[in-house]
$ cat structure-v3.txt   # compact mmCIF, C-alpha atoms
# COMPACT_ATOMS: atom_id res chain seq x y z
CA MET A 1 -10.43 26.98 14.55
CA LEU A 2 -11.45 26.36 10.96
CA HIS A 3 -10.53 22.66 11.07
CA ALA A 4 -11.60 22.03 14.69
CA LEU A 5 -14.57 19.75 15.28
CA SER A 6 -17.63 21.28 16.86
CA VAL A 7 -19.07 19.89 20.08
CA ARG A 8 -22.05 18.60 18.11
CA ALA A 9 -19.75 16.69 15.74
CA LYS A 10 -17.81 15.18 18.64
CA TYR A 11 -21.03 13.81 20.19
CA PHE A 12 -22.18 12.39 16.85
CA ILE A 13 -18.78 10.74 16.30
CA ALA A 14 -18.95 9.26 19.81
CA ALA A 15 -22.45 7.93 19.02
CA LEU A 16 -21.17 6.43 15.78
CA ILE A 17 -18.27 4.72 17.56
CA VAL A 18 -20.64 3.29 20.20
CA ALA A 19 -22.99 2.08 17.43
CA ILE A 20 -20.15 0.34 15.59
CA LEU A 21 -18.71 -1.30 18.72
CA THR A 22 -22.05 -2.34 20.28
CA PRO A 23 -22.49 -5.68 18.43
CA PHE A 24 -18.94 -6.76 19.24
CA LEU A 25 -19.13 -5.66 22.87
CA THR A 26 -22.56 -7.24 23.31
CA PHE A 27 -21.41 -10.62 22.07
CA PHE A 28 -17.87 -10.87 23.41
CA THR A 29 -17.96 -9.05 26.76
CA PRO A 30 -20.15 -11.54 28.71
CA LEU A 31 -18.07 -14.45 27.40
CA THR A 32 -14.76 -12.74 28.15
CA ILE A 33 -15.78 -11.55 31.62
CA SER A 34 -17.05 -14.99 32.67
CA GLN A 35 -13.90 -16.72 31.43
CA THR A 36 -11.61 -14.10 32.98
CA PHE A 37 -13.10 -13.30 36.37
CA TYR A 38 -15.20 -16.34 37.26
CA ALA A 39 -12.79 -19.07 36.16
CA HIS A 40 -11.71 -21.45 38.90
CA ARG A 41 -9.32 -24.41 38.99
CA GLU A 42 -12.17 -26.71 39.96
CA ASP A 43 -14.17 -25.86 36.82
CA VAL A 44 -14.86 -28.61 34.33
CA VAL A 45 -16.99 -26.24 32.26
CA LEU A 46 -17.63 -22.54 32.82
CA MET A 47 -20.19 -20.89 30.59
CA THR A 48 -22.35 -17.87 30.15
CA PRO A 49 -25.99 -18.96 30.39
CA PRO A 50 -27.47 -19.69 26.97
CA ARG A 51 -30.56 -17.57 27.50
CA PRO A 52 -30.17 -14.19 25.85
CA SER A 53 -31.04 -12.02 28.88
CA ASN A 54 -27.38 -11.17 29.61
CA PHE A 55 -26.76 -10.14 26.02
CA ILE A 56 -30.04 -8.18 25.76
CA MET A 57 -29.33 -6.26 28.99
CA LEU A 58 -25.89 -5.28 27.72
CA LEU A 59 -27.34 -4.33 24.32
CA ILE A 60 -29.90 -2.07 26.04
CA ALA A 61 -27.20 -0.47 28.19
CA LEU A 62 -25.03 0.30 25.15
CA GLY A 63 -28.10 1.44 23.19
CA LEU A 64 -28.94 3.94 25.92
CA ILE A 65 -25.42 5.34 25.78
CA PHE A 66 -25.79 5.70 21.99
CA VAL A 67 -29.09 7.58 22.46
CA VAL A 68 -27.49 9.89 25.05
CA PHE A 69 -24.74 10.87 22.62
CA ILE A 70 -27.29 11.54 19.85
CA VAL A 71 -29.42 13.69 22.17
CA LEU A 72 -26.35 15.59 23.37
CA GLY A 73 -25.39 16.17 19.75
CA LEU A 74 -28.80 17.68 19.05
CA LYS A 75 -29.41 19.72 22.18
CA ARG A 76 -27.32 20.70 25.17
CA ASN A 77 -28.54 22.45 28.30
CA PRO A 78 -28.16 21.78 32.05
CA ASN A 79 -31.29 19.60 32.17
CA ILE A 80 -30.09 17.46 29.26
CA TYR A 81 -26.65 17.07 30.85
CA THR A 82 -28.25 15.98 34.13
CA LEU A 83 -30.51 13.49 32.34
CA ALA A 84 -27.53 12.23 30.32
CA CYS A 85 -25.52 11.59 33.51
CA VAL A 86 -28.44 9.68 35.08
CA ILE A 87 -28.92 7.56 31.95
CA ILE A 88 -25.20 6.80 31.60
CA ILE A 89 -24.96 5.77 35.27
CA SER A 90 -28.06 3.60 34.83
CA SER A 91 -26.50 2.06 31.72
CA ILE A 92 -23.30 1.25 33.59
CA VAL A 93 -25.30 -0.43 36.37
CA LEU A 94 -27.39 -2.38 33.83
CA GLY A 95 -24.21 -3.39 31.98
CA TYR A 96 -22.67 -4.54 35.26
CA TYR A 97 -25.71 -6.70 36.09
CA SER A 98 -25.60 -8.23 32.62
CA LEU A 99 -22.13 -9.61 33.37
CA LEU A 100 -22.92 -11.32 36.69
CA SER A 101 -24.58 -14.54 35.48
CA TYR A 102 -22.72 -17.75 34.74
CA SER A 103 -22.97 -21.51 35.16
CA ALA A 104 -20.11 -23.76 36.23
CA ILE A 105 -19.77 -27.50 36.47
CA GLN A 106 -17.03 -28.04 39.01
CA LYS A 107 -15.36 -31.11 40.48
CA ASP A 108 -17.41 -30.99 43.68
CA GLN A 109 -20.51 -28.97 42.73
CA ILE A 110 -22.59 -27.33 40.03
CA VAL A 111 -23.01 -23.56 40.40
CA PHE A 112 -25.67 -21.32 38.84
CA GLN A 113 -25.03 -17.61 39.41
CA GLN A 114 -27.99 -15.38 38.52
CA TYR A 115 -27.12 -11.75 39.20
CA HIS A 116 -26.79 -11.77 43.03
CA HIS A 117 -28.47 -15.14 43.61
CA GLN A 118 -26.34 -18.27 43.62
CA THR A 119 -27.64 -21.84 43.55
CA ILE A 120 -25.21 -24.66 44.32
CA TYR A 121 -25.85 -28.37 43.84
CA LYS A 122 -23.31 -30.77 45.33
CA TRP A 123 -22.56 -33.88 43.29
CA GLN A 124 -23.43 -36.00 46.34
CA ASP A 125 -26.97 -34.51 46.33
CA LEU A 126 -27.68 -35.63 42.76
CA ASN A 127 -29.65 -38.75 41.97
CA GLU A 128 -29.13 -39.04 38.22
CA VAL A 129 -27.73 -37.32 35.17
CA ILE A 130 -29.25 -37.93 31.74
CA TYR A 131 -27.33 -36.83 28.66
CA GLU A 132 -29.57 -36.53 25.60
CA TYR A 133 -27.99 -35.91 22.25
CA GLU A 134 -28.74 -35.82 18.57
CA VAL A 135 -25.97 -36.72 16.17
CA GLY A 136 -24.35 -33.59 14.75
CA THR A 137 -25.80 -31.15 17.30
CA PHE A 138 -25.20 -30.16 20.91
CA GLY A 139 -26.66 -32.32 23.64
CA THR A 140 -28.53 -31.55 26.83
CA TYR A 141 -27.75 -32.61 30.40
CA TYR A 142 -30.74 -33.26 32.66
CA PHE A 143 -29.86 -33.36 36.34
CA GLN A 144 -32.15 -34.63 39.09
CA THR A 145 -31.41 -34.23 42.77
CA LYS A 146 -32.34 -36.68 45.50
CA SER A 147 -35.08 -34.23 46.58
CA ASN A 148 -36.59 -34.42 43.02
CA GLU A 149 -35.39 -30.98 41.92
CA GLN A 150 -34.51 -30.91 38.25
CA PHE A 151 -32.32 -28.57 36.24
CA ILE A 152 -30.96 -28.54 32.72
CA ILE A 153 -27.65 -27.55 31.19
CA GLU A 154 -27.53 -27.30 27.42
CA GLU A 155 -24.24 -27.91 25.70
CA ASN A 156 -22.56 -25.19 23.72
CA GLY A 157 -19.21 -24.78 21.98
CA GLN A 158 -17.38 -24.91 25.32
CA PHE A 159 -18.18 -28.61 25.75
CA GLY A 160 -15.56 -30.82 24.18
CA LEU A 161 -14.90 -34.53 24.59
CA ASP A 162 -12.72 -33.89 27.66
CA GLU A 163 -15.55 -32.02 29.40
CA LYS A 164 -18.07 -34.73 28.55
CA ARG A 165 -15.73 -37.39 29.92
CA ALA A 166 -15.10 -35.36 33.08
CA ILE A 167 -18.83 -35.00 33.74
CA TYR A 168 -19.30 -38.74 33.29
CA LYS A 169 -16.36 -39.50 35.62
CA LEU A 170 -17.65 -37.07 38.27
CA ALA A 171 -21.08 -38.66 38.16
CA VAL A 172 -19.64 -42.17 38.53
CA LEU A 173 -17.22 -41.14 41.30
CA ASN A 174 -20.04 -39.59 43.31
CA GLY A 175 -22.44 -42.51 42.87
CA VAL A 176 -24.76 -40.64 40.54
CA ARG A 177 -26.55 -42.73 37.94
CA PHE A 178 -25.53 -41.55 34.44
CA MET A 179 -27.60 -42.33 31.37
CA GLU A 180 -26.80 -41.42 27.78
CA ARG A 181 -29.51 -41.59 25.15
CA GLU A 182 -30.31 -40.29 21.71
CA LYS A 183 -33.11 -37.74 21.46
CA SER A 184 -36.38 -39.17 20.27
CA ASP A 185 -38.95 -37.16 18.34
$ encode --input "structure-v3.txt" --output "structure tokens"
Amino acid sequence: MLHALSVRAKYFIAALIVAILTPFLTFFTPLTISQTFYAHREDVVLMTPPRPSNFIMLLIALGLIFVVFIVLGLKRNPNIYTLACVIIISSIVLGYYSLLSYSAIQKDQIVFQQYHHQTIYKWQDLNEVIYEYEVGTFGTYYFQTKSNEQFIIEENGQFGLDEKRAIYKLAVLNGVRFMEREKSD
């Protein structure tokens, strides 16, 4: 028993492991999950939305698990164990919700998945696509539907020349006006 770790030490080590892994899990998990589970043959581009809400929600979920391990390392009684279980279950649910959002440009539609709400725009319902770019940086796609709804997709590292060409071809094939212009200040 002399070299055995105490319960307190085990909780602190678990907290340390969670703290070390949190930045990696926060950054890579949403990207990996979207590319693994939401990928479809019809996708031209599949991406995690650029806004940081998915990453922040996952960071909070992992941060709560870290705090639970620290609290369990400091004090343990039935009330603390009950509270720890509730917080860990809440963290799992929050982590799950952080992985549900994605955007996909597909051959027949554009899909925006926000948690449990999905918005789909068919290519035939679009009026025009404007691609604005600045040399050396990522561009922005502005889409306008025939009912004057507008939405934006900002490029990221997942957009290569093949994806840009495919978006242009899809717009032309579906009779959507496509404009390309350089950003003006």
$ closest_residue --input "structure-v3.txt" --among "A:Leu21, A:Leu46, A:Ala14, A:Val7" --to "Lys107 of chain A" --atoms "only C-alpha atoms"
A:Leu46
$ atom_distance --input "structure-v3.txt" --atom1 "atom CA of Phe27 of chain A" --atom2 "atom CA of Gly160 of chain A"
21.1 Å
$ atom_distance --input "structure-v3.txt" --atom1 "atom CA of Ile80 of chain A" --atom2 "atom CA of Leu64 of chain A"
14.0 Å
$ closest_residue --input "structure-v3.txt" --among "A:Arg76, A:Lys169, A:Arg177, A:Lys164" --to "Gly139 of chain A" --atoms "all atoms listed in the file"
A:Lys164
$ closest_residue --input "structure-v3.txt" --among "A:Phe159, A:Phe28, A:Phe12, A:Phe178" --to "Tyr131 of chain A" --atoms "all atoms listed in the file"
A:Phe178
$ closest_residue --input "structure-v3.txt" --among "A:Thr32, A:Ser184, A:Asn77, A:Thr140" --to "Thr48 of chain A" --atoms "only C-alpha atoms"
A:Thr32
$ residues_near_point --input "structure-v3.txt" --point "(-20.5, -20.6, 33.2)" --cutoff "8 Å" --atoms "all atoms listed in the file" --output "NGL selection string"
:A and (34-35 or 38 or 45-49 or 101-105 or 112)
$ residues_around --input "structure-v3.txt" --residues "Tyr133 of chain A" --least-positions-apart "3" --cutoff "9 Å" --atoms "all atoms listed in the file" --output "short mmCIF file (atom, residue, chain, number, x, y, z; two decimals) with C-alpha atoms, in the frame of the given file"
data_model
loop_
_atom_site.label_atom_id
_atom_site.label_comp_id
_atom_site.auth_asym_id
_atom_site.auth_seq_id
_atom_site.Cartn_x
_atom_site.Cartn_y
_atom_site.Cartn_z
CA GLY A 136 -24.35 -33.59 14.75
CA THR A 137 -25.80 -31.15 17.30
CA PHE A 138 -25.20 -30.16 20.91
CA GLY A 139 -26.66 -32.32 23.64
CA THR A 140 -28.53 -31.55 26.83
CA TYR A 141 -27.75 -32.61 30.40
CA GLU A 180 -26.80 -41.42 27.78
CA ARG A 181 -29.51 -41.59 25.15
CA GLU A 182 -30.31 -40.29 21.71
CA LYS A 183 -33.11 -37.74 21.46
#
$ closest_residue --input "structure-v3.txt" --among "A:Gln158, A:Gln124, A:Gln144, A:Gln150" --to "Met179 of chain A" --atoms "all atoms listed in the file"
A:Gln144
$ atom_distance --input "structure-v3.txt" --atom1 "atom CA of Ile20 of chain A" --atom2 "atom CA of Lys75 of chain A"
22.5 Å
$ residues_near_point --input "structure-v3.txt" --point "(-34.4, -33.5, 46.0)" --cutoff "12 Å" --atoms "all atoms listed in the file" --output "PyMOL selection string"
chain A and resi 121-122+124-128+143-151
$ closest_residue --input "structure-v3.txt" --among "A:Tyr168, A:Tyr115, A:Tyr96, A:Tyr81" --to "Val68 of chain A" --atoms "only C-alpha atoms"
A:Tyr81
$ axis_aligned_box --input "structure-v3.txt" --around "segment 93-97 of chain A" --padding-each-side "5 Å" --output "JSON"
{"center_x": -25.0, "center_y": -3.6, "center_z": 34.2, "size_x": 14.7, "size_y": 16.3, "size_z": 14.4}
$ decode --input "structure-v3.txt" --residues "segment 37-55 of chain A" --atoms "N, CA and C atoms" --output "compact mmCIF listing (two decimals), in the first residue's frame"
# COMPACT_ATOMS: atom_id res chain seq x y z
N PHE A 37 -18.95 11.45 -39.71
CA PHE A 37 -20.34 11.03 -39.62
C PHE A 37 -21.29 11.75 -40.57
N TYR A 38 -20.94 12.97 -40.98
CA TYR A 38 -21.86 13.74 -41.82
C TYR A 38 -21.46 13.74 -43.28
N ALA A 39 -20.36 13.11 -43.62
CA ALA A 39 -19.89 13.09 -45.01
C ALA A 39 -20.87 12.31 -45.88
N HIS A 40 -21.06 12.80 -47.09
CA HIS A 40 -22.00 12.21 -48.03
C HIS A 40 -21.38 12.27 -49.42
N ARG A 41 -21.72 11.33 -50.27
CA ARG A 41 -21.15 11.29 -51.62
C ARG A 41 -21.47 12.54 -52.43
N GLU A 42 -22.59 13.15 -52.12
CA GLU A 42 -23.04 14.33 -52.87
C GLU A 42 -22.33 15.61 -52.43
N ASP A 43 -21.50 15.54 -51.39
CA ASP A 43 -20.85 16.74 -50.86
C ASP A 43 -19.77 17.25 -51.80
N VAL A 44 -19.83 18.53 -52.07
CA VAL A 44 -18.72 19.21 -52.74
C VAL A 44 -17.78 19.70 -51.65
N VAL A 45 -18.37 20.33 -50.62
CA VAL A 45 -17.62 20.79 -49.46
C VAL A 45 -18.45 20.50 -48.22
N LEU A 46 -17.82 19.93 -47.22
CA LEU A 46 -18.45 19.70 -45.92
C LEU A 46 -17.58 20.37 -44.88
N MET A 47 -18.18 21.24 -44.07
CA MET A 47 -17.35 21.98 -43.12
C MET A 47 -18.08 22.23 -41.81
N THR A 48 -17.29 22.36 -40.78
CA THR A 48 -17.80 22.80 -39.50
C THR A 48 -17.98 24.31 -39.60
N PRO A 49 -19.10 24.84 -39.12
CA PRO A 49 -19.32 26.28 -39.24
C PRO A 49 -18.16 27.08 -38.64
N PRO A 50 -17.81 28.19 -39.28
CA PRO A 50 -16.65 28.96 -38.82
C PRO A 50 -16.86 29.70 -37.50
N ARG A 51 -18.11 29.90 -37.11
CA ARG A 51 -18.31 30.61 -35.85
C ARG A 51 -17.87 29.70 -34.71
N PRO A 52 -17.35 30.28 -33.67
CA PRO A 52 -16.72 29.48 -32.61
C PRO A 52 -17.68 28.82 -31.63
N SER A 53 -18.98 28.91 -31.82
CA SER A 53 -19.91 28.39 -30.81
C SER A 53 -19.72 26.90 -30.57
N ASN A 54 -19.48 26.11 -31.63
CA ASN A 54 -19.27 24.67 -31.45
C ASN A 54 -18.05 24.41 -30.58
N PHE A 55 -16.98 25.11 -30.86
CA PHE A 55 -15.74 24.90 -30.14
C PHE A 55 -15.87 25.39 -28.69
